[in-house]
Amino acid sequence: MKDLGPSQNGEPARRRALEERLVAARREKLVIQADEPPFLRVESPSGFSYRVHLRGEADGPHSCECPDFEANRLHTCKHVERARTWLSSPRSRLPLKHRREARRPRIYLHFGEVVEPRLFGRPRGPGASLMQRAFDEQGIPYRSPAPDEADLRRWLGQFENRVESQALDWLGRRAERRPVMPDGDLASTLPALGLKPYPYQWTGAAFLARTGRALLADEMGLGKTVQAILAAAALRRASRPARSVTIVCPASLRGGWAEEIHRCLGEDAVLLEGASDARAGTIAARPAWLVTHYEQVLRDHRQHEEHAPDLLIIDEAQRAKGLWTRTARVLKAIGARYVFALTGTPLENRLEEAYAIAQLIDQRLLPPLWQLDRDHFVREPNGRRVVLYQGLGALRSRLAPAFLRRRKEDVALDLPERVRSMAMLPMHEAVVPTYEDVLAQVARIASKKVLLPADLDRIMRLLVIARRCCNGPHMLGHEVEDRKVPKLEELEQALRDLCLGEGRKAVVFSEWTDMTDRAEALCRRLRLPVFHLHGGVSVRSRPALLRAFSEQKGPAVFVSTDAGGLGLNLQVADVVINLDLPWN
């Protein structure tokens with residue numbers, strides 16, 4: 001597809017973005033009521049409400065406190081458009097105080113490609129000449145003010161009460177997002193730790209602490225949790241310290257976070273539990289470490305907004321990758337000064353997902369979505385499906401100040417040496433006929449000139465049977481002594497050598513409980529302490545299971561299915577045995 005470039009397709013993209021907000025303003029049942037002058041409050045059926053700041057008549061320029069207005073560079077949003085429609089209606093009854101305040105000349109913030117002050121109206125009286133020397137007839141500054149929010153706030157101070165207080169508040173909040181840390185390395189700011197971080201973990205923790213709002217996208221297994229905890233502890237020494245930390249994570253990981261905080265710092269975290277009143281009281285107390293989960297934060301979001309923590313840590317941030325999902329909106333509304341987003345998959349399938357995660361950090365970190373579409377999406381000729389992305393180098397440059405991504409190969413020199421070994425084993429003779437028949441069926445289906453969805457489904461089902469054949473006859477319902485199953489025989493020998501012989505702790509993974517049940521039985525025959533995590537183990541019981549394995553003296557085995565595939569922290573083990581690898 002030919003790249004049209006921004007100059008040819010930029011305006012259509014902008015017009016589409018504007019039209020989307022106009023349509024939303026007409027279709028959604030947005031309720032308007034007068035708020036403190038000069039504001040209107042616009043409430044949506046989902047329960048979210050935002051204030052529209054009125055200036056002048058129906059055409060504005062108005063602004064809104066919603067995240068979309070700040071991010072989209074369109075100078076409007078669905079709430080502003082709804083307010084304009086309402087103000088244009090003969091039936092609207094805007095109080096006199098609102099009309100007077102809306103017409104009052106003053107300086108406000110214009111959220112364009114850069115955020116800059118603008119003058120609304122023609123000022124009169126004391127200070128008018130000073131404003132006229134600073135702004136032209138269109139209300140644009142003659143000179144570009146300082147880009148730094150703190151410097152811009154000081155520059156606006158000369159105009160005193162002619163500046164909207166909301167503009168000063170916004171600039172103040174932005175300036176406070178950048179932590180001022182003590183000089184020296186991060187380790188010098190922390191107390192004695194219960195672990196020894198790797199060099200790359202110190203680097204990641206320093207990046208988080210000195211950035212304040214950042215995305216850590218290290219590959220799974222590199223210890224993002226530890227880095228976030230170290231950075232959070234270091235932020236206690238910032239000029240604007242982070243004394244309260246709220247962690248939002250999947251429910252199954254809450255116990256793991258509490259364990260890691262205790263292991264690193266010797267401190268106890270509060271798991272947010274109980275009835276709604278009890279949870280509200282806990283949130284209002286703003287404990288040093290508060291751990292909640294995604295489903296619960298949706299229920300408690302008003303309490304989190306009212307008593308915002310100093311630091312919000314969003315673990316497995318890909319859970320909020322949907323830009324317009326309620327989860328993303330709730331997390332952005334919490335209003336913490338500092339935010340860490342942690343994910344091992346910053347971009348899985350779509351650029352919009354990375355954009356949504358970046359929005360959790362800073363709504364102005366990347367261009368608005370309609371500009372991304374214009375400059376970086378290459379679509380099919382009909383304009384619907386995105387077929388590839390272009391110009392990603394420019395986006396990486398925009399993300400760089402707040403984005404850190406390392407893969408295992410990037411930090412290999414910091415990690416202890418890893419020894420990989422693969423055992424090629426014969427298949428049990430009882431399953432060979434089934435295996436060969438299954439692959440023959442797959443070959444016949446795959447040879448078709450056209451594969452229908454039903455054919456692909458059939459292939460996937462057949463491949464599952466083939467994979468189960470590789471594990472042994474018991475996977476197909478044939479009872480065979482475990483000692484005669486090649487994989488289980490090899491597992492027994494490995495556990496004898498590594499655990500009984502060398503005193504190691506091992507983790508044994510399999511996709512199927514058919515295998516993990518037999519692995520557990522094997523460990524019991526060998527009199528090895530064994531801990532089995534599977535889907536039947538409740539989320540509440542998992543932290544105790546992990547703790548018991550970690551605290552077990554001497555050799556032990558942790559057996560797990562895919563139930564442990566997310567956020568499982570088993571660094572006390574030094575051997576991992578995969579009984580079956582995914583074929584996809």
# chains A, B, ... in the order shown; residues from 1 in each chain; ligands from 1
call {"tool": "select_by_dssp", "arguments": {"residues": "range 457-565 of chain A", "states": "strand (DSSP E or B)", "output": "list in words"}}
result
Lys505, Ala506, Val507, Val508, Phe509, Val530, Phe531, His532, Leu533, Ala556, Val557, Phe558, Val559 and Ser560 of chain A
call {"tool": "residues_around", "arguments": {"residues": "range 297-311 of chain A", "least_positions_apart": "6", "cutoff": "8 Å", "atoms": "only C-alpha atoms", "output": "list in words"}}
result
Ala232, Pro241, Ala242, Arg243, Ser244, Val245, Thr246, Val248, Ser276, Arg279, Ala280, Ile283, Ala284, Arg286, Arg326, Thr327, Val330, Ala333, Ile334, Gly335, Ala336, Arg337, Tyr338, Val339 and Phe340 of chain A
call {"tool": "residues_around", "arguments": {"residues": "range 392-398 of chain A", "least_positions_apart": "3", "cutoff": "8 Å", "atoms": "only C-alpha atoms", "output": "list in words"}}
result
Leu365, Leu366, His376, Tyr389 and Pro401 of chain A
call {"tool": "write_last_selection", "arguments": {"atoms": "all heavy atoms", "output": "PDB file, in the first residue's frame"}}
result
ATOM      1  N   LEU A 365       2.516  11.671  26.475  1.00  0.00           N
ATOM      2  CA  LEU A 365       3.781  11.029  26.124  1.00  0.00           C
ATOM      3  C   LEU A 365       3.857  10.730  24.629  1.00  0.00           C
ATOM      4  O   LEU A 365       4.900  10.906  23.993  1.00  0.00           O
ATOM      5  CB  LEU A 365       3.940   9.733  26.935  1.00  0.00           C
ATOM      6  CG  LEU A 365       5.275   9.006  26.816  1.00  0.00           C
ATOM      7  CD1 LEU A 365       6.426   9.867  27.308  1.00  0.00           C
ATOM      8  CD2 LEU A 365       5.222   7.705  27.626  1.00  0.00           C
ATOM      9  N   LEU A 366       2.745  10.279  24.053  1.00  0.00           N
ATOM     10  CA  LEU A 366       2.666   9.978  22.625  1.00  0.00           C
ATOM     11  C   LEU A 366       1.654  10.908  21.959  1.00  0.00           C
ATOM     12  O   LEU A 366       0.797  11.486  22.635  1.00  0.00           O
ATOM     13  CB  LEU A 366       2.242   8.519  22.410  1.00  0.00           C
ATOM     14  CG  LEU A 366       3.259   7.443  22.782  1.00  0.00           C
ATOM     15  CD1 LEU A 366       2.655   6.062  22.588  1.00  0.00           C
ATOM     16  CD2 LEU A 366       4.538   7.582  21.980  1.00  0.00           C
ATOM     17  N   HIS A 376       1.398   6.281  11.281  1.00  0.00           N
ATOM     18  CA  HIS A 376       2.087   5.009  11.536  1.00  0.00           C
ATOM     19  C   HIS A 376       1.290   3.770  11.130  1.00  0.00           C
ATOM     20  O   HIS A 376       1.841   2.680  11.125  1.00  0.00           O
ATOM     21  CB  HIS A 376       2.445   4.902  13.024  1.00  0.00           C
ATOM     22  CG  HIS A 376       3.315   6.018  13.504  1.00  0.00           C
ATOM     23  ND1 HIS A 376       4.659   6.102  13.210  1.00  0.00           N
ATOM     24  CD2 HIS A 376       3.025   7.122  14.244  1.00  0.00           C
ATOM     25  CE1 HIS A 376       5.163   7.191  13.752  1.00  0.00           C
ATOM     26  NE2 HIS A 376       4.197   7.833  14.380  1.00  0.00           N
ATOM     27  N   TYR A 389       2.778  -1.531  10.470  1.00  0.00           N
ATOM     28  CA  TYR A 389       3.077  -0.233  11.056  1.00  0.00           C
ATOM     29  C   TYR A 389       4.345   0.325  10.444  1.00  0.00           C
ATOM     30  O   TYR A 389       5.201  -0.417   9.990  1.00  0.00           O
ATOM     31  CB  TYR A 389       3.246  -0.357  12.575  1.00  0.00           C
ATOM     32  CG  TYR A 389       2.045  -0.918  13.286  1.00  0.00           C
ATOM     33  CD1 TYR A 389       2.084  -2.177  13.875  1.00  0.00           C
ATOM     34  CD2 TYR A 389       0.862  -0.201  13.353  1.00  0.00           C
ATOM     35  CE1 TYR A 389       0.991  -2.698  14.532  1.00  0.00           C
ATOM     36  CE2 TYR A 389      -0.241  -0.711  14.002  1.00  0.00           C
ATOM     37  CZ  TYR A 389      -0.174  -1.964  14.590  1.00  0.00           C
ATOM     38  OH  TYR A 389      -1.272  -2.477  15.229  1.00  0.00           O
ATOM     39  N   PRO A 401      11.989   8.571  27.151  1.00  0.00           N
ATOM     40  CA  PRO A 401      12.167   9.148  28.488  1.00  0.00           C
ATOM     41  C   PRO A 401      11.440   8.398  29.597  1.00  0.00           C
ATOM     42  O   PRO A 401      11.791   8.546  30.768  1.00  0.00           O
ATOM     43  CB  PRO A 401      11.600  10.566  28.325  1.00  0.00           C
ATOM     44  CG  PRO A 401      11.681  10.854  26.863  1.00  0.00           C
ATOM     45  CD  PRO A 401      11.428   9.548  26.208  1.00  0.00           C
TER      46      PRO A 401
END
call {"tool": "select_by_dssp", "arguments": {"residues": "range 407-564 of chain A", "states": "helix (DSSP H, G or I)", "output": "PyMOL selection string"}}
result
chain A and resi 408-411+429-446+453-471+473-476+482-484+486-501+513-525+539-551+562-564
call {"tool": "atom_distance", "arguments": {"atom1": "CA of Ser239 in chain A", "atom2": "CA of Arg178 in chain A"}}
result
9.8 Å
call {"tool": "residues_around", "arguments": {"residues": "Leu463 in chain A", "least_positions_apart": "6", "cutoff": "12 Å", "atoms": "only C-alpha atoms", "output": "PDB file with C-alpha atoms, in the first residue's frame"}}
result
ATOM      1  CA  THR A 434      -2.447 -43.423  17.644  1.00  0.00           C
ATOM      2  CA  TYR A 435       0.289 -40.829  17.102  1.00  0.00           C
ATOM      3  CA  GLU A 436       0.970 -41.944  13.523  1.00  0.00           C
ATOM      4  CA  ASP A 437      -2.751 -42.055  12.694  1.00  0.00           C
ATOM      5  CA  VAL A 438      -3.264 -38.541  14.054  1.00  0.00           C
ATOM      6  CA  LEU A 439      -0.396 -37.077  12.035  1.00  0.00           C
ATOM      7  CA  ALA A 440      -1.669 -38.823   8.899  1.00  0.00           C
ATOM      8  CA  GLN A 441      -5.069 -37.172   9.402  1.00  0.00           C
ATOM      9  CA  VAL A 442      -3.386 -33.789   9.897  1.00  0.00           C
ATOM     10  CA  ALA A 443      -1.413 -34.253   6.703  1.00  0.00           C
ATOM     11  CA  LEU A 456      -8.253 -25.624  11.273  1.00  0.00           C
ATOM     12  CA  ASP A 457     -10.254 -26.530  14.365  1.00  0.00           C
ATOM     13  CA  CYS A 469       0.682 -39.141  23.103  1.00  0.00           C
ATOM     14  CA  CYS A 470       4.172 -37.749  23.681  1.00  0.00           C
ATOM     15  CA  PRO A 582       3.895 -25.743  23.916  1.00  0.00           C
ATOM     16  CA  TRP A 583       3.851 -26.514  20.202  1.00  0.00           C
ATOM     17  CA  ASN A 584       2.363 -23.201  19.127  1.00  0.00           C
TER      18      ASN A 584
END
call {"tool": "atom_distance", "arguments": {"atom1": "CA of Ala134 in chain A", "atom2": "CA of Cys64 in chain A"}}
result
25.3 Å
call {"tool": "residues_around", "arguments": {"residues": "Phe39 in chain A", "least_positions_apart": "6", "cutoff": "7 Å", "atoms": "only C-alpha atoms", "output": "number ranges by chain"}}
result
A: 51-54
call {"tool": "residues_around", "arguments": {"residues": "Arg100 in chain A", "least_positions_apart": "5", "cutoff": "9 Å", "atoms": "only C-alpha atoms", "output": "ChimeraX atom specification"}}
result
/A:37-38,95
call {"tool": "write_last_selection", "arguments": {"atoms": "N, CA and C atoms", "output": "PDB file, in the first residue's frame"}}
result
ATOM      1  N   PRO A  37     -19.510  28.087  39.251  1.00  0.00           N
ATOM      2  CA  PRO A  37     -19.166  28.917  38.080  1.00  0.00           C
ATOM      3  C   PRO A  37     -17.659  28.967  37.867  1.00  0.00           C
ATOM      4  N   PRO A  38     -17.178  28.865  36.627  1.00  0.00           N
ATOM      5  CA  PRO A  38     -17.931  28.797  35.363  1.00  0.00           C
ATOM      6  C   PRO A  38     -17.993  27.370  34.807  1.00  0.00           C
ATOM      7  N   PRO A  95     -27.288  29.839  34.764  1.00  0.00           N
ATOM      8  CA  PRO A  95     -27.402  30.875  35.809  1.00  0.00           C
ATOM      9  C   PRO A  95     -26.594  32.121  35.465  1.00  0.00           C
TER      10      PRO A  95
END
call {"tool": "closest_residue", "arguments": {"among": "A:Arg26, A:Arg82, A:Arg240, A:Arg122", "to": "Tyr50 in chain A", "atoms": "only C-alpha atoms"}}
result
A:Arg82
call {"tool": "closest_residue", "arguments": {"among": "A:Arg118, A:Lys224, A:Arg468, A:Arg236", "to": "Leu404 in chain A", "atoms": "only C-alpha atoms"}}
result
A:Lys224
call {"tool": "residues_around", "arguments": {"residues": "Pro67 in chain A", "least_positions_apart": "4", "cutoff": "9 Å", "atoms": "only C-alpha atoms", "output": "compact mmCIF listing (two decimals) with all heavy atoms, in the first residue's frame"}}
result
# COMPACT_ATOMS: atom_id res chain seq x y z
N ALA A 71 -5.52 14.74 26.08
CA ALA A 71 -4.67 13.90 25.24
C ALA A 71 -4.88 14.10 23.75
O ALA A 71 -3.95 13.88 22.97
CB ALA A 71 -4.91 12.42 25.59
N ASN A 72 -6.09 14.50 23.30
CA ASN A 72 -6.39 14.34 21.88
C ASN A 72 -5.94 15.49 20.97
O ASN A 72 -5.99 15.36 19.74
CB ASN A 72 -7.90 14.11 21.68
CG ASN A 72 -8.76 15.29 22.08
OD1 ASN A 72 -8.38 16.45 21.92
ND2 ASN A 72 -9.95 15.01 22.61
N ARG A 329 -9.80 3.64 32.41
CA ARG A 329 -10.33 4.94 32.86
C ARG A 329 -10.22 5.08 34.37
O ARG A 329 -9.88 6.15 34.89
CB ARG A 329 -11.78 5.08 32.40
CG ARG A 329 -11.91 5.19 30.88
CD ARG A 329 -13.33 4.93 30.42
NE ARG A 329 -14.24 5.99 30.84
CZ ARG A 329 -15.56 5.93 30.66
NH1 ARG A 329 -16.10 4.86 30.09
NH2 ARG A 329 -16.32 6.92 31.05
N LYS A 332 -6.48 5.68 35.40
CA LYS A 332 -6.04 7.04 35.08
C LYS A 332 -6.65 8.07 36.02
O LYS A 332 -6.05 9.11 36.29
CB LYS A 332 -6.38 7.38 33.63
CG LYS A 332 -5.44 6.75 32.62
CD LYS A 332 -5.67 7.25 31.21
CE LYS A 332 -6.88 6.65 30.60
NZ LYS A 332 -7.02 6.97 29.15
N ALA A 333 -7.84 7.76 36.53
CA ALA A 333 -8.55 8.73 37.38
C ALA A 333 -8.05 8.73 38.82
O ALA A 333 -8.40 9.64 39.58
CB ALA A 333 -10.05 8.44 37.36
N GLN A 363 -0.51 11.12 29.56
CA GLN A 363 -1.42 11.23 28.42
C GLN A 363 -0.85 12.06 27.28
O GLN A 363 -1.43 12.08 26.19
CB GLN A 363 -2.75 11.82 28.89
CG GLN A 363 -3.46 10.88 29.84
CD GLN A 363 -4.76 11.41 30.34
OE1 GLN A 363 -5.64 10.63 30.67
NE2 GLN A 363 -4.91 12.72 30.43
call {"tool": "atom_distance", "arguments": {"atom1": "CA of Thr203 in chain A", "atom2": "CA of His262 in chain A"}}
result
21.5 Å
call {"tool": "decode", "arguments": {"residues": "range 490-543 of chain A", "atoms": "C-alpha atoms", "output": "mmCIF file, in the first residue's frame"}}
result
data_model
loop_
_atom_site.group_PDB
_atom_site.id
_atom_site.type_symbol
_atom_site.label_atom_id
_atom_site.label_comp_id
_atom_site.auth_asym_id
_atom_site.auth_seq_id
_atom_site.Cartn_x
_atom_site.Cartn_y
_atom_site.Cartn_z
ATOM 1 C CA GLU A 490 13.542 -39.613 32.999
ATOM 2 C CA LEU A 491 11.932 -37.275 35.567
ATOM 3 C CA GLU A 492 12.592 -39.749 38.349
ATOM 4 C CA GLN A 493 16.260 -39.993 37.413
ATOM 5 C CA ALA A 494 16.590 -36.203 37.213
ATOM 6 C CA LEU A 495 15.018 -35.699 40.641
ATOM 7 C CA ARG A 496 17.252 -38.399 42.138
ATOM 8 C CA ASP A 497 20.366 -36.719 40.744
ATOM 9 C CA LEU A 498 19.478 -33.042 41.270
ATOM 10 C CA CYS A 499 17.337 -33.054 44.412
ATOM 11 C CA LEU A 500 18.332 -36.140 46.373
ATOM 12 C CA GLY A 501 21.909 -36.150 45.127
ATOM 13 C CA GLU A 502 22.757 -32.419 45.041
ATOM 14 C CA GLY A 503 20.157 -31.054 47.466
ATOM 15 C CA ARG A 504 18.593 -28.682 44.921
ATOM 16 C CA LYS A 505 15.100 -27.225 44.736
ATOM 17 C CA ALA A 506 13.304 -27.938 41.466
ATOM 18 C CA VAL A 507 10.236 -26.646 39.665
ATOM 19 C CA VAL A 508 8.383 -29.088 37.420
ATOM 20 C CA PHE A 509 5.947 -27.697 34.841
ATOM 21 C CA SER A 510 3.369 -29.441 32.697
ATOM 22 C CA GLU A 511 0.325 -28.189 30.845
ATOM 23 C CA TRP A 512 -1.794 -31.112 32.062
ATOM 24 C CA THR A 513 -2.759 -32.251 35.548
ATOM 25 C CA ASP A 514 -2.508 -35.836 34.219
ATOM 26 C CA MET A 515 1.254 -35.271 34.312
ATOM 27 C CA THR A 516 1.531 -33.068 37.409
ATOM 28 C CA ASP A 517 -0.516 -35.549 39.472
ATOM 29 C CA ARG A 518 1.916 -38.313 38.535
ATOM 30 C CA ALA A 519 4.900 -36.040 39.149
ATOM 31 C CA GLU A 520 3.551 -35.349 42.641
ATOM 32 C CA ALA A 521 3.071 -39.075 43.272
ATOM 33 C CA LEU A 522 6.626 -39.721 42.058
ATOM 34 C CA CYS A 523 8.026 -37.148 44.516
ATOM 35 C CA ARG A 524 6.138 -38.800 47.373
ATOM 36 C CA ARG A 525 7.582 -42.178 46.444
ATOM 37 C CA LEU A 526 11.048 -40.605 46.537
ATOM 38 C CA ARG A 527 10.199 -38.974 49.914
ATOM 39 C CA LEU A 528 10.839 -35.549 48.439
ATOM 40 C CA PRO A 529 8.824 -32.598 49.884
ATOM 41 C CA VAL A 530 6.432 -31.627 47.091
ATOM 42 C CA PHE A 531 4.132 -28.633 46.587
ATOM 43 C CA HIS A 532 1.499 -28.849 43.844
ATOM 44 C CA LEU A 533 -0.119 -25.767 42.271
ATOM 45 C CA HIS A 534 -3.000 -26.341 39.869
ATOM 46 C CA GLY A 535 -6.288 -24.721 38.940
ATOM 47 C CA GLY A 536 -8.040 -26.304 41.901
ATOM 48 C CA VAL A 537 -5.865 -24.423 44.405
ATOM 49 C CA SER A 538 -7.714 -21.288 45.509
ATOM 50 C CA VAL A 539 -6.130 -17.876 44.982
ATOM 51 C CA ARG A 540 -6.200 -17.322 48.746
ATOM 52 C CA SER A 541 -4.182 -20.508 49.377
ATOM 53 C CA ARG A 542 -1.447 -19.888 46.802
ATOM 54 C CA PRO A 543 0.751 -17.456 48.792
#
